[in-house]
Protein chains: 2
Amino acid sequence: MPATIDDVARLAGVSTATVSRALRGLPNVAPATRDRVARAANLLDYVPDPAASALAAGRTNVIGVVVPTIGRWSHARILEVVSDIATTAGLDVLPVMLASPAARDFFLTSHPFRRRVDGLVVAEVPLDVTDVARLAEGRPVATIGLELDDVDTVLADEQAGVAAATRHLLDLGHTDITFIGDTDSTATLVGPRRRREGFESVLAAAGHPTSGDRVVETQPTATGGAAAMTLLLEQPRPPTAVITASDEMALGAMEVARARGLSIPGDLSVVGLDDQPIAQYVGLTTVARDVTRMATVAADWVVAAVAAMETPGEGVAAVPARHRMVRTSLVVRRSTGPPAMVVDDRDGDSRGDLD
Amino acid sequence: MPATIDDVARLAGVSTATVSRALRGLPNVAPATRDRVARAANLLDYVPDPAASALAAGRTNVIGVVVPTIGRWSHARILEVVSDIATTAGLDVLPVMLASPAARDFFLTSHPFRRRVDGLVVAEVPLDVTDVARLAEGRPVATIGLELDDVDTVLADEQAGVAAATRHLLDLGHTDITFIGDTDSTATLVGPRRRREGFESVLAAAGHPTSGDRVVETQPTATGGAAAMTLLLEQPRPPTAVITASDEMALGAMEVARARGLSIPGDLSVVGLDDQPIAQYVGLTTVARDVTRMATVAADWVVAAVAAMETPGEGVAAVPARHRMVRTSLVVRRSTGPPAMVVDDRDGDSRGDLD
DNA sequence: CAGGGAACTGCAAGCGCTTGCATGAAAGCC
DNA sequence: GGCTTTCATGCAAGCGCTTGCAGTTCCCTG
């Protein structure tokens with residue numbers, strides 16, 4: 001059986017209260033005592049029981065991380081970053097994957113986080129204010145990719161990124177461009193909507209129609225991208241370029257095109273989103289999001305808030321919700337180029353740079 | 001404040017003991033009573049405090065998952081699968097990422113799992129029996145990719161898979177084949193060694209030399225694969241085909257070759273390992289491992305063992321360690337083909353099938 | 001040198017649950 | 001019909017820690 005605080009107290013010749021205070025670095029412990037306790041704890045290989053501390057202190061030292069899945073690179077990365085930061089701060093992480101609407105509903109109605117976490121970060125899961133509030137139950141929460149009032153939020157400027165991508169394609173001479181977005185656009189998930197807006201605004205500004213089948217929606221996976229591309233290629237006049245809502249989708253789209261005998265970028269230009277490590281190695285032009293930065297900011301916020309709970313100093317609720325926007329950038333690689341047959345030149349607006 | 005068991009007991013007009021038993025489905029509770037308790041709990045939105053139950057019962061209802069990182073697809077997938085299965089069984093998951101040796105050492109010497117988990121699955125992290133025992137501290141543990149006595153283990157038959165890949169390349173006419181393995185081969189991680197053996201045995205059987213720089217080692221990432229490929233291409237006589245220890249490495253290698261103006265598979269054939277979803281969409285020939293199956297088996301084992309701990313029935317230690325081998329298969333796609341200039345035919349052994 | 005703090009330390013009451021044991025009631029046995 | 005079983009429930013003692021409060025001790029002031 002592992003040693004308990006009593007064993008340490010006995011060995012160090014002090015009370016358990018002092019052991020508790022000494023080990024947690026609280027003030028009002030004499031240096032000599034602190035030292036003796038530390039030595040005793042070390043000797044006994046003592047580690048406090050998290051359940052016991054949680055029960056006694058009312059804090060769990062765990063933060064929850066809610067992501068859709070970890071199949072998409074960006075989600076896995078978010079989990080990884082939050083996990084790192086939490087670990088460094090001495091907190092454990094409780095990951096929760098909410099892929100399906102059913103899983104979300106179940107999760108919201110059961111009380112999975114009840115008394116289980118001190119704070120949480122919610123990333124890219126379509127939830128509204130009510131849902132998030134129900135999850136958080138008053139604890140610190142930061143969201144990634146959601147824009148909610150009264151909740152800390154970090155977003156990537158995907159609107160600008162997709163706009164840049166659209167401009168890039170227009171500048172290359174494309175006129176038939178389709179945006180392959182992901183579903184859930186209707187929810188409070190802000191990414192999908194903003195991406196689409198970035199796309200449409202640039203198209204409109206250039207005098208192109210944005211209506212009809214300029215935008216299709218599908219799952220943000222390679223399979224989804226492939227399915228969407230398949231449909232597009234069956235149209236009488238397929239696009240010469242597509243912008244997708246994730247690198248995975250872009251790869252799926254590329255493969256379908258290739259299987260149809262189209263060359264990339266000769267017959268089809270493709271743009272992804274995220275710039276996951278693999279993108280570089282497949283030559284994918286993509287809208288780079290600094291996922292690491294986003295996750296870091298969110299994690300830092302909730303870790304700080306959780307730490308602040310310990311010190312009974314000031315209240316926490318007073319701070320207004322912070323909203324941080326992280327820049328995106330277009331990374332041009334091999335998957336985009338001029339269309340095979342350039343349409344006779346467009347009206348006005350003929351800048352030559354690729355961004 | 002959330003309701004406690006006392007609130008429920010009061011409302012249902014029974015003792016807390018009965019509430020506890022009723023809610024957990026223990027026997028010896030009258031149906032009517034059970035019903036009344038359930039209703040009361042429901043009415044009060046009651047959820048037991050995990051910390052309190054853990055403390056009282058000595059069980060945490062958490063299982064730990066140790067993986068190197070979640071940057072590699074297979075690791076992320078393992079975490080995802082284990083997480084799913086655990087959730088279904090009513091258990092939480094505590095993920096731990098042990099990328100660097102430093103992290104591993106720190107993790108082993110501190111007692112991160114002490115009293116924190118009921119069981120754990122360790123996947124693809126180079127640890128020996130002592131390490132695993134230190135982590136487990138007597139709790140149920142299953143490993144993936146490690147072959148340890150007295151520990152439940154699930155492995156993929158990567159030796160056979162890589163052997164098949166090697167044969168495939170030989171059959172295509174390649175003679176200069178290099179295996180790009182991952183580091184840590186020296187550890188008890190069994191994958192790297194077996195893969196290498198699969199490669200070398202086939203080469204040897206075909207009368208090819210296996211010595212020298214037939215094998216190089218690097219990080220199992222795209223960057224690692226790229227670096228290795230760069231080195232290989234600087235050799236006086238670069239290989240016409242490479243087999244890599246992960247799909248990520250394969251992609252890295254492919255990109256470097258492409259950047260050097262080599263065509264794939266014309267000038268260079270590339271084989272990956274895992275068959276992650278993206279492999280299909282980039283046309284990568286690869287050794288498919290059923291990662292999902294492996295993770296499922298391992299997770300089921302520890303979930304079952306943890307569940308068995310609850311019933312004070314029979315002892316657990318009596319069961320001999322289980323070792324399960326999961327088949328691999330070669331998936332041939334576009335990244336492999338005959339070498340550009342076929343060497344004048346090889347001696348004997350000229351079967352024409354591609355496996 | 002008395003008095004007042006400040007700095008340490010210990011006491012003991014929980015935190016919210018589980019569970020061995022005791023109790024009482026209902027049911028089965030000869 | 002008295003007595004043993006079986007079933008259902010309650011009692012109460014913890015599980016291992018944290019923390020408000022109450023001492024002690026010791027060092028400064030005036």
# chains A, B, ... in the order shown; residues from 1 in each chain; ligands from 1
$ calpha_fit_and_write --fixed "chain A" --moving "chain B" --output "CSV table (one decimal) with C-alpha atoms, in the first residue's frame"
chain,number,residue,atom,x,y,z
B,1,MET,CA,0.0,0.0,0.1
B,2,PRO,CA,1.2,3.5,-0.8
B,3,ALA,CA,2.1,5.7,2.0
B,4,THR,CA,-0.5,8.2,3.3
B,5,ILE,CA,-0.1,11.6,4.7
B,6,ASP,CA,-0.2,10.1,8.2
B,7,ASP,CA,2.8,8.1,7.5
B,8,VAL,CA,4.7,11.1,6.4
B,9,ALA,CA,3.5,13.1,9.4
B,10,ARG,CA,4.6,10.5,11.8
B,11,LEU,CA,8.0,10.1,10.2
B,12,ALA,CA,8.5,13.9,10.1
B,13,GLY,CA,7.2,14.3,13.6
B,14,VAL,CA,4.6,16.9,12.7
B,15,SER,CA,0.8,16.9,12.2
B,16,THR,CA,-0.8,16.0,8.9
B,17,ALA,CA,-1.9,19.6,8.6
B,18,THR,CA,1.7,20.7,8.5
B,19,VAL,CA,2.6,18.0,6.0
B,20,SER,CA,-0.2,19.2,3.8
B,21,ARG,CA,0.9,22.8,3.9
B,22,ALA,CA,4.5,22.0,3.6
B,23,LEU,CA,4.1,19.8,0.6
B,24,ARG,CA,1.9,22.3,-1.2
B,25,GLY,CA,4.2,25.2,-0.6
B,26,LEU,CA,1.7,27.1,1.4
B,27,PRO,CA,3.1,30.0,3.6
B,28,ASN,CA,3.6,29.8,7.3
B,29,VAL,CA,5.7,26.8,7.4
B,30,ALA,CA,9.2,27.0,8.9
B,31,PRO,CA,11.9,26.2,6.4
B,32,ALA,CA,13.4,23.6,8.6
B,33,THR,CA,10.0,21.9,9.0
B,34,ARG,CA,9.3,22.1,5.3
B,35,ASP,CA,12.6,20.4,4.7
B,36,ARG,CA,12.0,17.7,7.1
B,37,VAL,CA,8.6,17.0,5.7
B,38,ALA,CA,10.0,16.9,2.1
B,39,ARG,CA,12.6,14.4,3.1
B,40,ALA,CA,10.1,12.2,4.9
B,41,ALA,CA,7.8,12.3,1.9
B,42,ASN,CA,10.6,11.5,-0.4
B,43,LEU,CA,11.7,8.6,1.7
B,44,LEU,CA,8.3,7.1,1.8
B,45,ASP,CA,7.7,7.7,-1.9
B,46,TYR,CA,4.6,9.6,-0.9
B,47,VAL,CA,2.2,10.9,-3.4
B,48,PRO,CA,-1.1,12.5,-2.3
B,49,ASP,CA,-4.2,10.7,-3.2
B,50,PRO,CA,-5.9,12.9,-5.8
B,51,ALA,CA,-9.3,11.6,-4.9
B,52,ALA,CA,-8.8,12.6,-1.3
B,53,SER,CA,-7.5,16.0,-2.1
B,54,ALA,CA,-10.3,16.6,-4.5
B,55,LEU,CA,-12.9,15.6,-2.0
B,56,ALA,CA,-11.4,17.7,0.8
B,57,ALA,CA,-10.5,20.7,-1.2
B,58,GLY,CA,-13.4,20.7,-3.7
B,59,ARG,CA,-11.0,21.0,-6.6
B,60,THR,CA,-10.2,18.2,-9.0
B,61,ASN,CA,-7.1,19.5,-10.6
B,62,VAL,CA,-8.4,18.2,-13.9
B,63,ILE,CA,-9.4,20.2,-17.0
B,64,GLY,CA,-11.8,18.8,-19.6
B,65,VAL,CA,-11.0,19.0,-23.3
B,66,VAL,CA,-14.0,18.7,-25.6
B,67,VAL,CA,-13.2,18.1,-29.3
B,68,PRO,CA,-15.3,16.5,-32.1
B,69,THR,CA,-12.9,13.6,-32.7
B,70,ILE,CA,-9.2,13.2,-32.9
B,71,GLY,CA,-9.3,11.9,-36.4
B,72,ARG,CA,-8.7,15.4,-37.8
B,73,TRP,CA,-5.2,16.6,-37.3
B,74,SER,CA,-6.1,19.9,-35.8
B,75,HIS,CA,-8.3,18.4,-33.2
B,76,ALA,CA,-5.6,15.9,-32.2
B,77,ARG,CA,-3.1,18.8,-32.0
B,78,ILE,CA,-5.4,20.8,-29.8
B,79,LEU,CA,-5.7,18.0,-27.4
B,80,GLU,CA,-2.0,17.5,-27.4
B,81,VAL,CA,-1.2,21.1,-26.7
B,82,VAL,CA,-3.7,21.5,-24.0
B,83,SER,CA,-2.5,18.3,-22.5
B,84,ASP,CA,1.0,19.5,-22.4
B,85,ILE,CA,0.2,22.8,-20.8
B,86,ALA,CA,-2.1,21.2,-18.3
B,87,THR,CA,0.6,18.6,-17.3
B,88,THR,CA,3.1,21.4,-16.8
B,89,ALA,CA,0.7,23.1,-14.5
B,90,GLY,CA,0.2,19.9,-12.6
B,91,LEU,CA,-3.3,19.3,-13.9
B,92,ASP,CA,-4.7,16.2,-15.5
B,93,VAL,CA,-6.7,16.2,-18.7
B,94,LEU,CA,-10.0,14.6,-19.3
B,95,PRO,CA,-10.6,14.3,-23.1
B,96,VAL,CA,-14.1,14.0,-24.5
B,97,MET,CA,-14.9,13.3,-28.1
B,98,LEU,CA,-18.2,14.5,-29.3
B,99,ALA,CA,-18.4,13.5,-32.9
B,100,SER,CA,-22.1,12.8,-33.4
B,101,PRO,CA,-25.0,15.0,-32.5
B,102,ALA,CA,-26.3,12.0,-30.5
B,103,ALA,CA,-23.1,12.0,-28.5
B,104,ARG,CA,-23.4,15.7,-27.9
B,105,ASP,CA,-27.0,15.4,-26.7
B,106,PHE,CA,-26.2,12.5,-24.4
B,107,PHE,CA,-23.2,14.3,-23.0
B,108,LEU,CA,-25.1,17.5,-22.3
B,109,THR,CA,-28.0,15.8,-20.6
B,110,SER,CA,-25.9,13.4,-18.5
B,111,HIS,CA,-23.6,15.4,-16.3
B,112,PRO,CA,-20.2,14.1,-17.3
B,113,PHE,CA,-18.2,17.0,-16.0
B,114,ARG,CA,-20.2,17.4,-12.8
B,115,ARG,CA,-17.6,17.7,-10.1
B,116,ARG,CA,-15.1,16.1,-12.4
B,117,VAL,CA,-13.2,19.1,-13.8
B,118,ASP,CA,-12.1,22.5,-12.6
B,119,GLY,CA,-12.3,24.1,-16.0
B,120,LEU,CA,-12.5,23.2,-19.6
B,121,VAL,CA,-11.7,24.0,-23.2
B,122,VAL,CA,-14.2,23.4,-25.9
B,123,ALA,CA,-12.8,23.2,-29.4
B,124,GLU,CA,-14.7,23.2,-32.6
B,125,VAL,CA,-17.8,21.5,-31.3
B,126,PRO,CA,-21.0,23.1,-32.4
B,127,LEU,CA,-22.6,24.1,-29.1
B,128,ASP,CA,-24.4,27.3,-28.2
B,129,VAL,CA,-24.2,29.4,-25.1
B,130,THR,CA,-26.6,27.4,-23.2
B,131,ASP,CA,-24.8,24.2,-24.0
B,132,VAL,CA,-21.5,25.5,-23.0
B,133,ALA,CA,-22.9,27.0,-19.8
B,134,ARG,CA,-24.4,23.6,-19.0
B,135,LEU,CA,-21.1,22.0,-19.5
B,136,ALA,CA,-19.2,24.5,-17.5
B,137,GLU,CA,-21.6,24.9,-14.6
B,138,GLY,CA,-19.8,28.1,-13.6
B,139,ARG,CA,-16.3,26.9,-14.1
B,140,PRO,CA,-13.7,28.6,-16.2
B,141,VAL,CA,-14.1,27.7,-19.9
B,142,ALA,CA,-12.3,28.7,-23.0
B,143,THR,CA,-13.5,27.9,-26.5
B,144,ILE,CA,-11.7,27.5,-29.8
B,145,GLY,CA,-13.6,28.2,-33.0
B,146,LEU,CA,-16.8,29.2,-31.2
B,147,GLU,CA,-17.9,32.7,-30.8
B,148,LEU,CA,-20.1,33.1,-27.7
B,149,ASP,CA,-20.8,36.1,-25.6
B,150,ASP,CA,-19.5,35.9,-22.1
B,151,VAL,CA,-17.1,33.1,-22.9
B,152,ASP,CA,-13.4,33.4,-23.6
B,153,THR,CA,-12.9,32.6,-27.3
B,154,VAL,CA,-10.0,32.2,-29.6
B,155,LEU,CA,-10.6,32.1,-33.3
B,156,ALA,CA,-8.5,32.0,-36.4
B,157,ASP,CA,-9.1,34.6,-39.0
B,158,GLU,CA,-10.3,32.0,-41.5
B,159,GLN,CA,-12.4,34.6,-43.3
B,160,ALA,CA,-9.3,36.4,-44.3
B,161,GLY,CA,-7.5,33.2,-45.1
B,162,VAL,CA,-10.1,31.9,-47.4
B,163,ALA,CA,-10.5,35.3,-49.0
B,164,ALA,CA,-6.8,35.3,-49.7
B,165,ALA,CA,-7.1,31.8,-51.2
B,166,THR,CA,-10.0,32.9,-53.4
B,167,ARG,CA,-8.1,36.0,-54.5
B,168,HIS,CA,-5.1,33.8,-55.3
B,169,LEU,CA,-7.2,31.6,-57.5
B,170,LEU,CA,-8.8,34.5,-59.3
B,171,ASP,CA,-5.4,36.0,-59.9
B,172,LEU,CA,-4.3,32.7,-61.4
B,173,GLY,CA,-7.2,33.1,-63.9
B,174,HIS,CA,-9.8,30.8,-62.4
B,175,THR,CA,-13.4,31.7,-62.8
B,176,ASP,CA,-15.1,28.5,-61.8
B,177,ILE,CA,-14.2,28.1,-58.2
B,178,THR,CA,-16.2,26.0,-55.8
B,179,PHE,CA,-15.9,26.1,-52.0
B,180,ILE,CA,-16.2,22.7,-50.3
B,181,GLY,CA,-17.2,23.5,-46.8
B,182,ASP,CA,-18.0,21.3,-43.9
B,183,THR,CA,-21.4,20.8,-42.4
B,184,ASP,CA,-22.6,22.3,-39.2
B,185,SER,CA,-22.4,25.7,-40.7
B,186,THR,CA,-25.6,26.6,-39.1
B,187,ALA,CA,-24.4,26.2,-35.6
B,188,THR,CA,-22.5,28.7,-33.5
B,189,LEU,CA,-19.3,27.2,-34.9
B,190,VAL,CA,-18.0,30.2,-36.4
B,191,GLY,CA,-15.3,28.8,-38.7
B,192,PRO,CA,-17.6,27.3,-41.4
B,193,ARG,CA,-19.6,30.5,-41.7
B,194,ARG,CA,-16.7,32.8,-41.8
B,195,ARG,CA,-14.8,30.7,-44.3
B,196,ARG,CA,-17.8,30.8,-46.6
B,197,GLU,CA,-18.2,34.5,-46.2
B,198,GLY,CA,-14.5,35.0,-47.0
B,199,PHE,CA,-15.0,33.0,-50.2
B,200,GLU,CA,-18.2,34.7,-51.3
B,201,SER,CA,-17.2,38.2,-50.5
B,202,VAL,CA,-14.1,38.0,-52.7
B,203,LEU,CA,-16.1,36.4,-55.4
B,204,ALA,CA,-18.7,39.0,-55.3
B,205,ALA,CA,-16.2,41.8,-55.2
B,206,ALA,CA,-14.7,40.4,-58.4
B,207,GLY,CA,-18.1,40.4,-60.0
B,208,HIS,CA,-18.6,36.7,-60.0
B,209,PRO,CA,-21.8,35.0,-59.1
B,210,THR,CA,-21.8,33.4,-55.6
B,211,SER,CA,-25.2,31.8,-55.9
B,212,GLY,CA,-26.1,28.2,-56.7
B,213,ASP,CA,-23.6,25.5,-56.4
B,214,ARG,CA,-20.6,27.6,-55.8
B,215,VAL,CA,-20.6,26.1,-52.3
B,216,VAL,CA,-21.2,22.5,-51.3
B,217,GLU,CA,-21.0,21.0,-47.9
B,218,THR,CA,-19.7,17.7,-46.6
B,219,GLN,CA,-17.8,16.0,-43.8
B,220,PRO,CA,-14.4,17.5,-43.0
B,221,THR,CA,-12.6,14.3,-43.8
B,222,ALA,CA,-10.8,12.9,-46.8
B,223,THR,CA,-13.8,10.8,-47.6
B,224,GLY,CA,-16.1,13.8,-47.5
B,225,GLY,CA,-13.8,15.8,-49.7
B,226,ALA,CA,-13.7,12.9,-52.2
B,227,ALA,CA,-17.5,12.6,-52.2
B,228,ALA,CA,-17.9,16.3,-52.8
B,229,MET,CA,-15.4,16.3,-55.6
B,230,THR,CA,-17.0,13.3,-57.2
B,231,LEU,CA,-20.3,15.2,-57.4
B,232,LEU,CA,-18.7,18.3,-58.7
B,233,LEU,CA,-17.0,16.4,-61.5
B,234,GLU,CA,-20.3,15.0,-62.6
B,235,GLN,CA,-21.6,18.5,-63.3
B,236,PRO,CA,-21.7,19.7,-66.9
B,237,ARG,CA,-19.1,22.3,-66.2
B,238,PRO,CA,-17.0,21.3,-63.2
B,239,PRO,CA,-14.9,23.9,-61.4
B,240,THR,CA,-11.3,24.5,-62.3
B,241,ALA,CA,-10.4,25.1,-58.7
B,242,VAL,CA,-11.8,24.2,-55.3
B,243,ILE,CA,-11.1,25.5,-51.8
B,244,THR,CA,-11.8,23.1,-49.0
B,245,ALA,CA,-12.4,23.5,-45.3
B,246,SER,CA,-9.6,21.1,-44.3
B,247,ASP,CA,-6.4,19.6,-45.6
B,248,GLU,CA,-8.0,16.2,-45.3
B,249,MET,CA,-10.8,17.2,-47.6
B,250,ALA,CA,-8.4,18.7,-50.0
B,251,LEU,CA,-6.5,15.4,-50.2
B,252,GLY,CA,-9.7,13.5,-50.8
B,253,ALA,CA,-10.7,15.9,-53.6
B,254,MET,CA,-7.3,15.7,-55.2
B,255,GLU,CA,-7.3,11.9,-55.3
B,256,VAL,CA,-10.7,11.8,-57.0
B,257,ALA,CA,-9.6,14.3,-59.6
B,258,ARG,CA,-6.5,12.3,-60.2
B,259,ALA,CA,-8.4,9.1,-60.6
B,260,ARG,CA,-10.5,10.8,-63.2
B,261,GLY,CA,-7.4,11.5,-65.1
B,262,LEU,CA,-7.2,15.2,-64.2
B,263,SER,CA,-3.9,16.7,-63.5
B,264,ILE,CA,-3.2,19.0,-60.6
B,265,PRO,CA,-2.9,21.9,-60.8
B,266,GLY,CA,-3.3,21.7,-64.6
B,267,ASP,CA,-6.9,20.7,-64.7
B,268,LEU,CA,-7.8,21.4,-61.1
B,269,SER,CA,-6.4,23.6,-58.4
B,270,VAL,CA,-7.0,22.6,-54.8
B,271,VAL,CA,-6.6,24.6,-51.6
B,272,GLY,CA,-6.8,23.1,-48.2
B,273,LEU,CA,-7.0,24.5,-44.7
B,274,ASP,CA,-4.9,24.0,-41.6
B,275,ASP,CA,-1.4,23.4,-43.0
B,276,GLN,CA,-0.9,20.3,-41.1
B,277,PRO,CA,2.6,18.9,-41.3
B,278,ILE,CA,1.7,16.5,-44.1
B,279,ALA,CA,0.4,19.4,-46.3
B,280,GLN,CA,4.0,20.4,-46.9
B,281,TYR,CA,4.9,16.9,-48.0
B,282,VAL,CA,2.1,16.5,-50.5
B,283,GLY,CA,2.6,20.0,-52.0
B,284,LEU,CA,-0.8,21.3,-50.9
B,285,THR,CA,-1.6,25.0,-51.1
B,286,THR,CA,-3.4,25.7,-48.0
B,287,VAL,CA,-4.7,28.3,-45.6
B,288,ALA,CA,-2.5,28.0,-42.6
B,289,ARG,CA,-4.0,28.3,-39.1
B,290,ASP,CA,-1.7,28.4,-36.1
B,291,VAL,CA,-3.5,25.6,-34.3
B,292,THR,CA,-0.8,25.4,-31.7
B,293,ARG,CA,-1.1,29.0,-30.9
B,294,MET,CA,-4.8,28.8,-30.6
B,295,ALA,CA,-4.7,25.9,-28.3
B,296,THR,CA,-2.0,27.5,-26.2
B,297,VAL,CA,-3.9,30.6,-25.7
B,298,ALA,CA,-7.1,28.8,-24.7
B,299,ALA,CA,-5.2,26.4,-22.4
B,300,ASP,CA,-3.3,29.2,-20.7
B,301,TRP,CA,-6.5,31.0,-20.0
B,302,VAL,CA,-8.2,28.2,-18.3
B,303,VAL,CA,-5.1,27.0,-16.5
B,304,ALA,CA,-4.7,30.5,-15.2
B,305,ALA,CA,-8.3,30.7,-14.1
B,306,VAL,CA,-8.1,27.4,-12.4
B,307,ALA,CA,-5.0,28.5,-10.6
B,308,ALA,CA,-6.7,31.7,-9.6
B,309,MET,CA,-9.5,29.6,-8.0
B,310,GLU,CA,-7.0,28.4,-5.4
B,311,THR,CA,-6.0,31.8,-4.2
B,312,PRO,CA,-9.1,33.1,-2.4
B,313,GLY,CA,-8.1,36.6,-3.5
B,314,GLU,CA,-10.4,38.4,-5.9
B,315,GLY,CA,-13.5,37.1,-7.6
B,316,VAL,CA,-13.2,35.7,-11.1
B,317,ALA,CA,-16.5,36.4,-12.7
B,318,ALA,CA,-15.8,40.1,-13.0
B,319,VAL,CA,-13.5,39.8,-16.0
B,320,PRO,CA,-15.2,40.4,-19.3
B,321,ALA,CA,-14.9,37.6,-21.9
B,322,ARG,CA,-11.8,37.7,-23.9
B,323,HIS,CA,-11.8,37.2,-27.7
B,324,ARG,CA,-8.6,36.6,-29.4
B,325,MET,CA,-8.2,36.3,-33.2
B,326,VAL,CA,-5.2,34.5,-34.6
B,327,ARG,CA,-4.0,35.4,-38.0
B,328,THR,CA,-4.1,33.0,-40.9
B,329,SER,CA,-1.9,33.0,-44.0
B,330,LEU,CA,-2.0,31.4,-47.4
B,331,VAL,CA,0.8,29.0,-48.1
B,332,VAL,CA,1.1,28.5,-51.8
B,333,ARG,CA,2.5,25.1,-53.0
B,334,ARG,CA,2.1,22.9,-56.0
B,335,SER,CA,-1.6,22.2,-55.9
B,336,THR,CA,-2.6,25.5,-57.4
B,337,GLY,CA,-1.8,27.0,-60.7
B,338,PRO,CA,-3.4,28.6,-63.7
B,339,PRO,CA,-6.3,26.8,-65.3
B,340,ALA,CA,-5.4,24.7,-68.3
B,341,MET,CA,-7.3,26.9,-70.7
B,342,VAL,CA,-7.2,30.5,-69.6
B,343,VAL,CA,-10.5,32.3,-70.1
B,344,ASP,CA,-10.0,35.4,-72.2
B,345,ASP,CA,-9.0,38.0,-69.7
B,346,ARG,CA,-11.2,39.2,-66.9
B,347,ASP,CA,-12.4,42.7,-66.5
B,348,GLY,CA,-10.3,45.1,-64.5
B,349,ASP,CA,-8.6,44.0,-61.3
B,350,SER,CA,-5.6,42.2,-62.8
B,351,ARG,CA,-3.0,42.3,-60.1
B,352,GLY,CA,-0.3,39.9,-60.9
B,353,ASP,CA,0.9,38.9,-57.4
B,354,LEU,CA,-0.1,35.6,-55.9
B,355,ASP,CA,-0.7,37.2,-52.5
$ closest_atom_pairs --of "chain C" --to "chain A" --cutoff "9 Å" --atoms "only C-alpha atoms (C1' of nucleotides)" --output "CSV"
residue,atom,partner,partner_atom,distance
C:DA7,C1',A:Asn28,CA,6.5
C:DC8,C1',A:Asn28,CA,6.2
C:DT9,C1',A:Thr18,CA,6.8
C:DG10,C1',A:Ser15,CA,6.3
C:DG14,C1',A:Ala56,CA,8.0
C:DC15,C1',A:Ala56,CA,4.5
C:DG16,C1',A:Leu55,CA,7.4
$ select_by_dssp --residues "stretch 198-286 of chain A" --states "strand (DSSP E or B)" --output "list in words"
Val215, Val216, Glu217, Thr218, Ala241, Val242, Ile243, Thr244, Ser269, Val270, Val271, Gly272, Leu273, Asp274, Thr285 and Thr286 of chain A
$ write_last_selection --atoms "N, CA and C atoms" --output "short mmCIF file (atom, residue, chain, number, x, y, z; two decimals), in the first residue's frame"
data_model
loop_
_atom_site.label_atom_id
_atom_site.label_comp_id
_atom_site.auth_asym_id
_atom_site.auth_seq_id
_atom_site.Cartn_x
_atom_site.Cartn_y
_atom_site.Cartn_z
N VAL A 215 -20.97 26.62 -53.66
CA VAL A 215 -20.61 26.10 -52.34
C VAL A 215 -21.30 24.76 -52.12
N VAL A 216 -20.55 23.77 -51.74
CA VAL A 216 -21.15 22.50 -51.34
C VAL A 216 -20.65 22.19 -49.93
N GLU A 217 -21.37 21.30 -49.27
CA GLU A 217 -20.97 20.99 -47.90
C GLU A 217 -20.86 19.49 -47.69
N THR A 218 -19.94 19.09 -46.86
CA THR A 218 -19.73 17.67 -46.61
C THR A 218 -18.94 17.48 -45.32
N ALA A 241 -11.10 25.00 -59.95
CA ALA A 241 -10.40 25.14 -58.67
C ALA A 241 -11.38 24.93 -57.53
N VAL A 242 -10.89 24.32 -56.46
CA VAL A 242 -11.73 24.18 -55.27
C VAL A 242 -10.94 24.62 -54.04
N ILE A 243 -11.69 25.20 -53.12
CA ILE A 243 -11.13 25.53 -51.81
C ILE A 243 -11.88 24.67 -50.82
N THR A 244 -11.16 24.00 -49.94
CA THR A 244 -11.83 23.10 -49.01
C THR A 244 -11.65 23.57 -47.58
N SER A 269 -7.08 23.07 -59.54
CA SER A 269 -6.31 23.61 -58.41
C SER A 269 -7.06 23.30 -57.12
N VAL A 270 -6.31 22.99 -56.08
CA VAL A 270 -6.93 22.63 -54.81
C VAL A 270 -6.27 23.39 -53.66
N VAL A 271 -7.10 23.92 -52.80
CA VAL A 271 -6.60 24.61 -51.61
C VAL A 271 -7.17 23.94 -50.37
N GLY A 272 -6.32 23.70 -49.39
CA GLY A 272 -6.76 23.10 -48.15
C GLY A 272 -6.89 24.12 -47.03
N LEU A 273 -7.01 23.62 -45.81
CA LEU A 273 -7.06 24.52 -44.67
C LEU A 273 -6.50 23.83 -43.44
N ASP A 274 -5.57 24.47 -42.80
CA ASP A 274 -4.91 24.04 -41.56
C ASP A 274 -3.40 24.14 -41.70
N THR A 285 -1.31 23.52 -51.41
CA THR A 285 -1.57 24.93 -51.11
C THR A 285 -2.69 24.98 -50.07
N THR A 286 -2.48 25.77 -49.04
CA THR A 286 -3.45 25.71 -47.94
C THR A 286 -3.49 26.99 -47.13
#
$ interface_residues --of "chain D" --to "chain B" --cutoff "9 Å" --atoms "only C-alpha atoms (C1' of nucleotides)" --output "list in words"
DC7, DA8, DT9, DG10, DG14, DC15 and DG16 of chain D
$ select_by_dssp --residues "stretch 211-245 of chain A" --states "helix (DSSP H, G or I)" --output "PyMOL selection string"
chain A and resi 212-214+222-233
$ residues_around --residues "C:DC29" --least-positions-apart "5" --cutoff "10 Å" --atoms "only C-alpha atoms (C1' of nucleotides)" --output "VMD selection string"
chain D and resid 3 to 5
